[in-house]
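Data file: final_6.txt. Format and content: compact mmCIF, C-alpha atoms.
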# COMPACT_ATOMS: atom_id res chain seq x y z
CA MET A 15 0.00 0.00 0.00
CA LEU A 16 1.28 3.46 -0.82
CA THR A 17 -0.24 5.07 2.24
CA SER A 18 -1.80 3.76 5.41
CA SER A 19 -5.25 4.42 3.93
CA LEU A 20 -6.35 3.46 0.43
CA PRO A 21 -9.19 6.03 0.36
CA SER A 22 -6.71 8.74 1.32
CA LEU A 23 -4.40 7.66 -1.50
CA LEU A 24 -7.20 7.74 -4.06
CA LEU A 25 -8.24 11.18 -2.88
CA LEU A 26 -4.67 12.48 -3.05
CA LEU A 27 -4.16 11.11 -6.53
CA SER A 28 -7.39 12.73 -7.63
CA LEU A 29 -6.27 16.07 -6.20
CA SER A 30 -2.85 15.71 -7.79
CA SER A 31 -4.35 15.90 -11.25
CA THR A 32 -5.68 19.38 -10.55
CA LEU A 33 -2.93 20.89 -8.39
CA SER A 34 0.48 21.89 -9.68
CA ASP A 35 3.90 22.08 -8.13
CA ASP A 36 6.09 24.42 -10.18
CA GLY A 37 4.35 23.39 -13.40
CA GLY A 38 3.55 19.74 -12.64
CA GLY A 39 0.98 17.80 -10.66
CA LEU A 40 1.52 17.29 -6.97
CA PHE A 41 2.32 13.60 -7.25
CA CYS A 42 2.53 13.21 -11.04
CA SER A 43 3.18 15.30 -14.14
CA ALA A 44 -0.40 15.40 -15.41
CA PRO A 45 -1.58 18.72 -16.92
CA SER A 46 -2.98 21.15 -14.36
CA VAL A 47 -5.46 23.99 -14.36
CA PHE A 48 -2.78 25.97 -12.53
CA GLU A 49 -0.20 25.66 -15.30
CA THR A 50 -0.55 29.35 -16.06
CA GLU A 51 2.14 29.62 -13.42
CA THR A 52 5.02 29.01 -15.77
CA ALA A 53 8.47 27.79 -14.89
CA ALA A 54 9.74 31.34 -15.35
CA SER A 55 7.25 32.85 -12.93
CA SER A 56 7.86 30.04 -10.46
CA SER A 57 11.61 30.62 -10.55
CA SER A 58 11.02 34.27 -9.68
CA LYS A 59 9.41 33.31 -6.38
CA PRO A 60 11.45 33.64 -3.16
CA LEU A 61 13.45 30.63 -2.00
CA TYR A 62 11.33 28.20 0.04
CA TRP A 63 8.10 30.06 -0.77
CA LYS A 64 6.27 26.73 -1.00
CA VAL A 65 6.85 26.09 2.72
CA THR A 66 4.38 28.85 3.56
CA ASN A 67 2.34 28.47 0.34
CA PRO A 68 2.16 24.69 -0.22
CA THR A 69 0.66 23.29 -3.40
CA LEU A 70 -1.92 21.33 -1.46
CA SER A 71 -2.72 24.12 0.98
CA PRO A 72 -5.37 24.24 3.71
CA SER A 73 -7.58 26.31 1.39
CA HIS A 74 -7.60 23.50 -1.18
CA LEU A 75 -9.03 21.16 1.47
CA GLN A 76 -11.76 23.43 2.79
CA ASP A 77 -14.42 21.44 0.92
CA LEU A 78 -13.18 18.18 2.48
CA PRO A 79 -14.33 18.46 6.10
CA GLY A 80 -12.34 16.26 8.44
CA PHE A 81 -9.67 15.35 5.89
CA THR A 82 -5.96 15.66 6.66
CA ARG A 83 -2.80 14.03 5.38
CA SER A 84 -1.28 14.18 8.87
CA VAL A 85 -0.50 10.86 10.53
CA TYR A 86 0.73 10.08 14.03
CA LYS A 87 2.06 6.63 14.94
CA GLY A 88 4.25 5.30 17.71
CA ASP A 89 7.45 5.49 15.69
CA HIS A 90 6.80 8.34 13.25
CA ALA A 91 4.57 11.28 12.43
CA LEU A 92 3.75 13.25 9.29
CA MET A 93 2.56 16.78 10.11
CA THR A 94 1.04 18.53 7.09
CA PRO A 95 0.10 22.23 6.79
CA GLU A 96 -3.68 21.80 6.93
CA SER A 97 -3.40 20.45 10.49
CA HIS A 98 -0.92 22.97 11.90
CA VAL A 99 -2.38 24.78 14.92
CA PHE A 100 -0.87 28.21 15.58
CA SER A 101 -1.21 30.04 18.88
CA PRO A 102 0.79 32.72 20.73
CA LEU A 103 4.28 31.37 21.30
CA PRO A 104 5.19 31.32 25.02
CA GLY A 105 7.75 33.99 25.87
CA TRP A 106 7.70 35.56 22.40
CA THR A 107 6.05 38.87 21.47
CA ASN A 108 3.66 39.17 18.49
CA THR A 109 4.61 35.68 17.35
CA LEU A 110 2.46 32.66 16.55
CA GLY A 111 3.89 29.18 16.90
CA ALA A 112 2.92 25.68 15.80
CA TYR A 113 4.65 22.84 17.64
CA LEU A 114 5.24 20.00 15.17
CA ILE A 115 7.41 17.66 17.27
CA THR A 116 7.57 17.51 21.08
CA PRO A 117 8.60 15.00 23.77
CA ALA A 118 4.94 14.01 24.08
CA MET A 119 5.60 12.00 20.88
CA GLY A 120 8.67 10.36 22.36
CA SER A 121 11.27 12.78 20.95
CA HIS A 122 14.08 14.32 22.97
CA PHE A 123 13.73 17.65 21.16
CA VAL A 124 11.09 20.11 20.02
CA MET A 125 10.55 21.43 16.52
CA TYR A 126 8.20 24.29 15.82
CA LEU A 127 7.33 26.95 13.29
CA ALA A 128 7.48 30.54 14.52
CA LYS A 129 5.57 33.17 12.56
CA MET A 130 6.97 36.52 13.63
CA GLN A 131 4.75 39.49 12.90
CA GLU A 132 5.32 43.25 12.92
CA ASN A 133 7.38 44.43 15.90
CA SER A 134 7.89 40.91 17.20
CA LYS A 135 10.61 39.57 19.49
CA SER A 136 11.74 36.14 20.58
CA GLY A 137 11.86 34.79 24.11
CA LEU A 138 14.61 32.67 25.61
CA PRO A 139 14.47 28.87 25.80
CA PRO A 140 14.44 27.20 29.23
CA ASN A 141 17.68 26.83 31.19
CA ASP A 142 20.25 24.41 29.71
CA VAL A 143 18.36 24.25 26.40
CA GLU A 144 20.15 24.94 23.12
CA ARG A 145 18.37 26.47 20.13
CA PHE A 146 18.70 26.37 16.33
CA LEU A 147 16.87 28.87 14.10
CA PHE A 148 16.43 28.61 10.31
CA VAL A 149 14.65 31.32 8.29
CA VAL A 150 12.24 30.14 5.59
CA GLN A 151 10.46 33.47 4.93
CA GLY A 152 11.24 37.13 5.59
CA SER A 153 14.11 38.34 7.76
CA ALA A 154 14.91 39.04 11.40
CA THR A 155 17.77 40.52 13.42
CA LEU A 156 19.65 38.41 15.96
CA THR A 157 21.33 40.20 18.86
CA ASN A 158 23.57 38.41 21.35
CA ALA A 159 24.64 39.32 24.88
CA SER A 160 27.61 41.35 23.64
CA GLY A 161 25.34 43.50 21.48
CA ALA A 162 26.50 42.09 18.14
CA HIS A 163 23.79 42.10 15.45
CA HIS A 164 23.26 39.60 12.64
CA GLN A 165 20.66 40.00 9.91
CA LEU A 166 19.12 36.59 9.23
CA MET A 167 17.63 36.27 5.74
CA VAL A 168 15.94 33.33 4.05
CA ASP A 169 18.25 30.28 4.06
CA SER A 170 20.33 31.64 6.94
CA TYR A 171 20.48 30.17 10.42
CA ALA A 172 21.83 30.55 13.93
CA TYR A 173 22.83 28.14 16.67
CA LEU A 174 22.53 29.48 20.22
CA ALA A 175 24.36 27.67 23.01
CA PRO A 176 22.46 26.74 26.17
CA ASN A 177 21.95 29.61 28.63
CA SER A 178 23.23 32.18 26.12
CA LYS A 179 21.39 35.51 26.21
CA HIS A 180 20.04 36.55 22.83
CA SER A 181 17.02 38.02 21.10
CA LEU A 182 15.53 37.86 17.63
CA GLU A 183 13.53 40.86 16.45
CA CYS A 184 11.42 41.37 13.34
CA ASP A 185 10.02 44.66 12.02
CA ALA A 186 7.79 43.17 9.30
CA SER A 187 7.27 39.40 9.15
CA ALA A 188 9.34 36.24 9.17
CA THR A 189 8.76 32.49 9.40
CA LEU A 190 11.34 30.29 11.09
CA VAL A 191 11.71 26.64 11.88
CA VAL A 192 13.14 26.23 15.38
CA PHE A 193 14.75 23.22 17.04
CA GLU A 194 15.40 23.10 20.78
CA ARG A 195 16.74 20.36 23.02
CA ARG A 196 18.20 20.04 26.49
CA TYR A 197 21.95 20.04 26.00
CA SER A 198 23.85 16.85 26.77
CA PRO A 199 27.18 18.15 28.13
CA LEU A 200 30.64 16.63 27.82
CA GLU A 201 33.38 17.55 30.25
CA ASN A 202 35.67 20.30 28.90
CA HIS A 203 33.67 20.66 25.69
CA PHE A 204 31.55 23.73 25.01
CA THR A 205 29.48 24.95 22.10
CA LYS A 206 29.42 28.52 20.84
CA GLN A 207 27.13 30.73 18.79
CA ILE A 208 27.14 30.03 15.06
CA VAL A 209 25.55 32.18 12.35
CA GLY A 210 25.66 31.15 8.72
CA SER A 211 23.76 30.32 5.55
CA THR A 212 23.32 27.15 3.55
CA ASP A 213 25.22 28.38 0.50
CA GLN A 214 28.30 29.04 2.65
CA GLN A 215 28.59 25.35 3.54
CA PRO A 216 30.57 22.99 1.30
CA LEU A 217 29.10 19.93 -0.37
CA LEU A 218 30.21 16.80 1.45
CA GLU A 219 30.94 13.38 0.06
CA THR A 220 28.11 10.85 0.30
CA PRO A 221 29.67 7.47 -0.57
CA GLY A 222 27.16 5.17 -2.26
CA GLU A 223 24.52 7.91 -2.48
CA VAL A 224 23.54 10.44 -5.15
CA PHE A 225 22.03 13.22 -3.03
CA GLU A 226 23.92 16.41 -2.17
CA LEU A 227 24.68 17.00 1.51
CA ARG A 228 25.59 20.04 3.56
CA LYS A 229 25.97 20.16 7.34
CA LEU A 230 25.11 23.43 9.05
CA LEU A 231 26.89 22.76 12.37
CA PRO A 232 30.44 21.55 13.09
CA PRO A 233 30.83 17.76 13.40
CA SER A 234 33.02 18.24 16.50
CA LEU A 235 32.26 16.64 19.87
CA PRO A 236 30.74 19.61 21.71
CA TYR A 237 27.67 19.55 19.46
CA ASP A 238 25.11 16.90 20.34
CA PHE A 239 23.05 17.38 17.18
CA ASN A 240 23.52 18.54 13.62
CA ILE A 241 21.29 19.96 10.91
CA HIS A 242 21.65 18.51 7.42
CA ILE A 243 20.49 20.06 4.15
CA MET A 244 19.87 17.28 1.62
CA ASP A 245 19.15 17.86 -2.08
CA PHE A 246 17.68 15.33 -4.51
CA GLN A 247 17.07 15.80 -8.21
CA PRO A 248 13.81 14.36 -9.62
CA GLY A 249 14.04 10.57 -9.74
CA GLU A 250 16.88 10.34 -7.21
CA PHE A 251 16.43 8.35 -4.02
CA LEU A 252 18.22 7.08 -0.94
CA ASN A 253 20.15 3.92 -1.70
CA VAL A 254 20.32 2.90 1.95
CA LYS A 255 17.03 1.90 3.60
CA GLU A 256 18.02 3.43 6.92
CA VAL A 257 17.33 1.89 10.33
CA HIS A 258 19.38 3.51 13.11
CA TYR A 259 19.33 4.77 16.70
CA ASN A 260 19.22 8.47 15.76
CA GLN A 261 16.04 10.52 15.87
CA HIS A 262 15.09 12.89 13.06
CA GLY A 263 13.00 15.98 12.64
CA LEU A 264 12.50 16.97 9.00
CA LEU A 265 11.00 19.91 7.11
CA LEU A 266 10.61 19.60 3.34
CA LEU A 267 11.76 22.96 1.99
CA GLU A 268 11.35 22.34 -1.74
CA GLY A 269 9.90 19.77 -4.08
CA GLN A 270 7.88 16.61 -3.54
CA GLY A 271 8.36 12.89 -3.27
CA ILE A 272 7.56 9.66 -1.47
CA TYR A 273 8.71 8.98 2.08
CA ARG A 274 8.69 5.49 3.51
CA LEU A 275 8.25 5.40 7.30
CA GLY A 276 7.91 1.96 8.82
CA ASP A 277 5.51 0.01 6.61
CA SER A 278 3.74 3.12 5.27
CA TRP A 279 4.53 5.15 2.14
CA TYR A 280 3.56 8.83 2.13
CA PRO A 281 3.38 11.38 -0.69
CA VAL A 282 5.05 14.51 0.71
CA GLN A 283 5.47 18.09 -0.47
CA SER A 284 7.08 21.38 0.56
CA GLY A 285 5.86 22.45 3.98
CA ASP A 286 5.43 18.91 5.34
CA ALA A 287 7.21 17.99 8.58
CA ILE A 288 8.21 14.50 9.72
CA TRP A 289 9.29 12.97 13.02
CA MET A 290 11.25 9.71 12.91
CA ALA A 291 11.81 7.71 16.10
CA PRO A 292 14.90 5.54 16.61
CA PHE A 293 15.03 2.45 14.40
CA VAL A 294 12.00 3.23 12.25
CA PRO A 295 12.73 2.12 8.66
CA GLN A 296 13.03 5.22 6.47
CA TRP A 297 13.60 5.96 2.80
CA TYR A 298 12.97 8.86 0.39
CA ALA A 299 12.55 9.25 -3.37
CA ALA A 300 12.17 12.61 -5.16
CA LEU A 301 9.36 13.06 -7.70
CA GLY A 302 8.07 15.97 -9.78
CA LYS A 303 10.06 18.30 -12.03
CA THR A 304 12.12 20.30 -9.54
CA ARG A 305 14.74 19.69 -6.87
CA SER A 306 13.73 18.27 -3.52
CA ARG A 307 15.45 19.85 -0.53
CA TYR A 308 14.86 19.04 3.08
CA LEU A 309 16.26 20.16 6.40
CA LEU A 310 17.00 17.32 8.80
CA TYR A 311 17.72 17.28 12.54
CA LYS A 312 19.94 14.41 13.72
CA ASP A 313 21.37 13.70 17.19
CA VAL A 314 25.11 12.96 17.07
CA ASN A 315 28.29 12.61 19.14
CA ARG A 316 26.70 11.01 22.21
CA ASN A 317 26.61 7.43 23.45
CA PRO A 318 22.97 6.27 23.26
CA LEU A 319 23.34 4.87 26.78
Same coordinates, now as structure tokens:
Amino acid sequence: MLTSSLPSLLLLLSLSSTLSDDGGGLFCSAPSVFETETAASSSSKPLYWKVTNPTLSPSHLQDLPGFTRSVYKGDHALMTPESHVFSPLPGWTNTLGAYLITPAMGSHFVMYLAKMQENSKSGLPPNDVERFLFVVQGSATLTNASGAHHQLMVDSYAYLAPNSKHSLECDASATLVVFERRYSPLENHFTKQIVGSTDQQPLLETPGEVFELRKLLPPSLPYDFNIHIMDFQPGEFLNVKEVHYNQHGLLLLEGQGIYRLGDSWYPVQSGDAIWMAPFVPQWYAALGKTRSRYLLYKDVNRNPL
């Protein structure tokens, strides 16, 4: 079975013939009534614009009461935009948040979307909690305890060490994906603030694989997690059917494809988020006509005991 529900699959395939993703259907390349959006006009859109304007958006499902593509199981979850619930983000000003992954699922980290509005400001995470910010829409200004300012644009990010004073302010609007976890310390090893952007990071070798990989944090011992940016061209897929002790939190930034989680196979698109528990079988294949890119949280550098 392609998904955990045959009726859901049939409904999605029906919708895919009328919804486009950068000139093609959502899950196939059938002609679309939205093909007036040409490749040229699509390429003029801001980077990652589909995260906040997904092809199969909540508005497209308004005539399907009760329907969602979201799935929650004991070892994985697919959180799709039509089921995101935004509310005022605790500690933040003029900011709405949607928690997509939390320890209530069994994770050791949280992942949430933060929609900063006009004159908004971030709060601090709890004590001993580290934070990673990645901008998918708009821009915001990061200020640290020393008063240094960094302008974070789309595709830029910041890592904030546990208990480090900082603030993020936005004059207009911005959407961020945020990861937080309670830091797992190692004696005589300390993390530090990092600010960067994806295009500044080198492509890394991926023996036996065809996807392109960038790592946004250093691989050194102080860091107990990393964030990967993984790119797949249409038709490319993971060669390894992964089963491992690491947890993952994923946000699909661009493109579409099929994700296997356990014994279920899910059509996914930009804006979808996924939680993967330890040892759940996982595999991805890119479909459509454009690049797939996803952002992936992975715990590293610590003994699982």
Task: Between atom CA of Leu230 of chain A and atom CA of Tyr173 of chain A, distance in Å (one decimal) - done: 9.2 Å
- [ ] Could you give me, as a PyMOL selection string, the residues within 9 Å of Arg307 of chain A, counting only C-alpha atoms and dropping anything in the same chain fewer than 5 positions from it?
- [x] chain A and resi 243-247+265-270+284
Task: Option closest in space to Ser198 of chain A, from A:Gly80, A:Pro248, A:Pro318, A:Gly285 [counting only C-alpha atoms] - done: A:Pro318
Open item on the list: Under the rule that only C-alpha atoms are counted, which of A:Ser170, A:Ser178, A:Gln261, A:Gln296 is the nearest residue to Leu275 of chain A?
Closed with: A:Gln296
Open item on the list: One number please: atom CA of Asn253 of chain A to atom CA of Leu217 of chain A, in Å, one decimal.
Closed with: 18.4 Å
Task: Contact residues around Leu156 of chain A with all atoms listed in the file at 10 Å, ignoring same-chain residues under 5 positions, as a PyMOL selection string - done: chain A and resi 135-136+161-166+171-172+180-184+209
Selected residues, C-alpha atoms, written as a PDB file, in the coordinates of the input, please.
ATOM      1  CA  LYS A 135      10.610  39.570  19.490  1.00  0.00           C
ATOM      2  CA  SER A 136      11.740  36.140  20.580  1.00  0.00           C
ATOM      3  CA  GLY A 161      25.340  43.500  21.480  1.00  0.00           C
ATOM      4  CA  ALA A 162      26.500  42.090  18.140  1.00  0.00           C
ATOM      5  CA  HIS A 163      23.790  42.100  15.450  1.00  0.00           C
ATOM      6  CA  HIS A 164      23.260  39.600  12.640  1.00  0.00           C
ATOM      7  CA  GLN A 165      20.660  40.000   9.910  1.00  0.00           C
ATOM      8  CA  LEU A 166      19.120  36.590   9.230  1.00  0.00           C
ATOM      9  CA  TYR A 171      20.480  30.170  10.420  1.00  0.00           C
ATOM     10  CA  ALA A 172      21.830  30.550  13.930  1.00  0.00           C
ATOM     11  CA  HIS A 180      20.040  36.550  22.830  1.00  0.00           C
ATOM     12  CA  SER A 181      17.020  38.020  21.100  1.00  0.00           C
ATOM     13  CA  LEU A 182      15.530  37.860  17.630  1.00  0.00           C
ATOM     14  CA  GLU A 183      13.530  40.860  16.450  1.00  0.00           C
ATOM     15  CA  CYS A 184      11.420  41.370  13.340  1.00  0.00           C
ATOM     16  CA  VAL A 209      25.550  32.180  12.350  1.00  0.00           C
TER      17      VAL A 209
END
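Of the listed residues A:Ser73, A:Thr205, A:Asn317, A:Ser306, the one whose atoms come nearest to Tyr259 of chain A is A:Asn317, with distances taken using only C-alpha atoms.
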- [ ] Find the distance between atom CA of Met290 of chain A and atom CA of Asn141 of chain A and write it in Å to one decimal.
- [x]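 These atoms are spaced 25.9 Å apart.
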- [ ] Would you please work out which residue, of A:Val257, A:Asp286, A:Ala112, A:Leu301, is nearest to Ile272 of chain A when using all atoms listed in the file?
- [x]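 That would be A:Leu301, the residue with the smallest distance to Ile272 of chain A.
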TODO: Quick one: everything within 6 Å of Leu264 of chain A, counting all atoms listed in the file, minus sequence neighbours fewer than 5 positions away in the same chain. Send it as a PyMOL selection string.
DONE: chain A and resi 287-288+309-310
Task: Test item: residues at most 7 Å from segment 127-131 of chain A, only C-alpha atoms, excluding those fewer than 5 positions along its chain, as a list in words - done: Asn108, Thr109, Leu110, Gly111, Ala112, Tyr113, Cys184, Ala186, Ser187, Ala188, Thr189, Leu190, Val191 and Val192 of chain A
Task: Selected residue of minimal separation from Phe239 of chain A among A:Thr212, A:Ser84, A:Thr304, A:Asn315, counting only C-alpha atoms - done: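 Counting only C-alpha atoms, the residue closest to Phe239 of chain A is A:Asn315.
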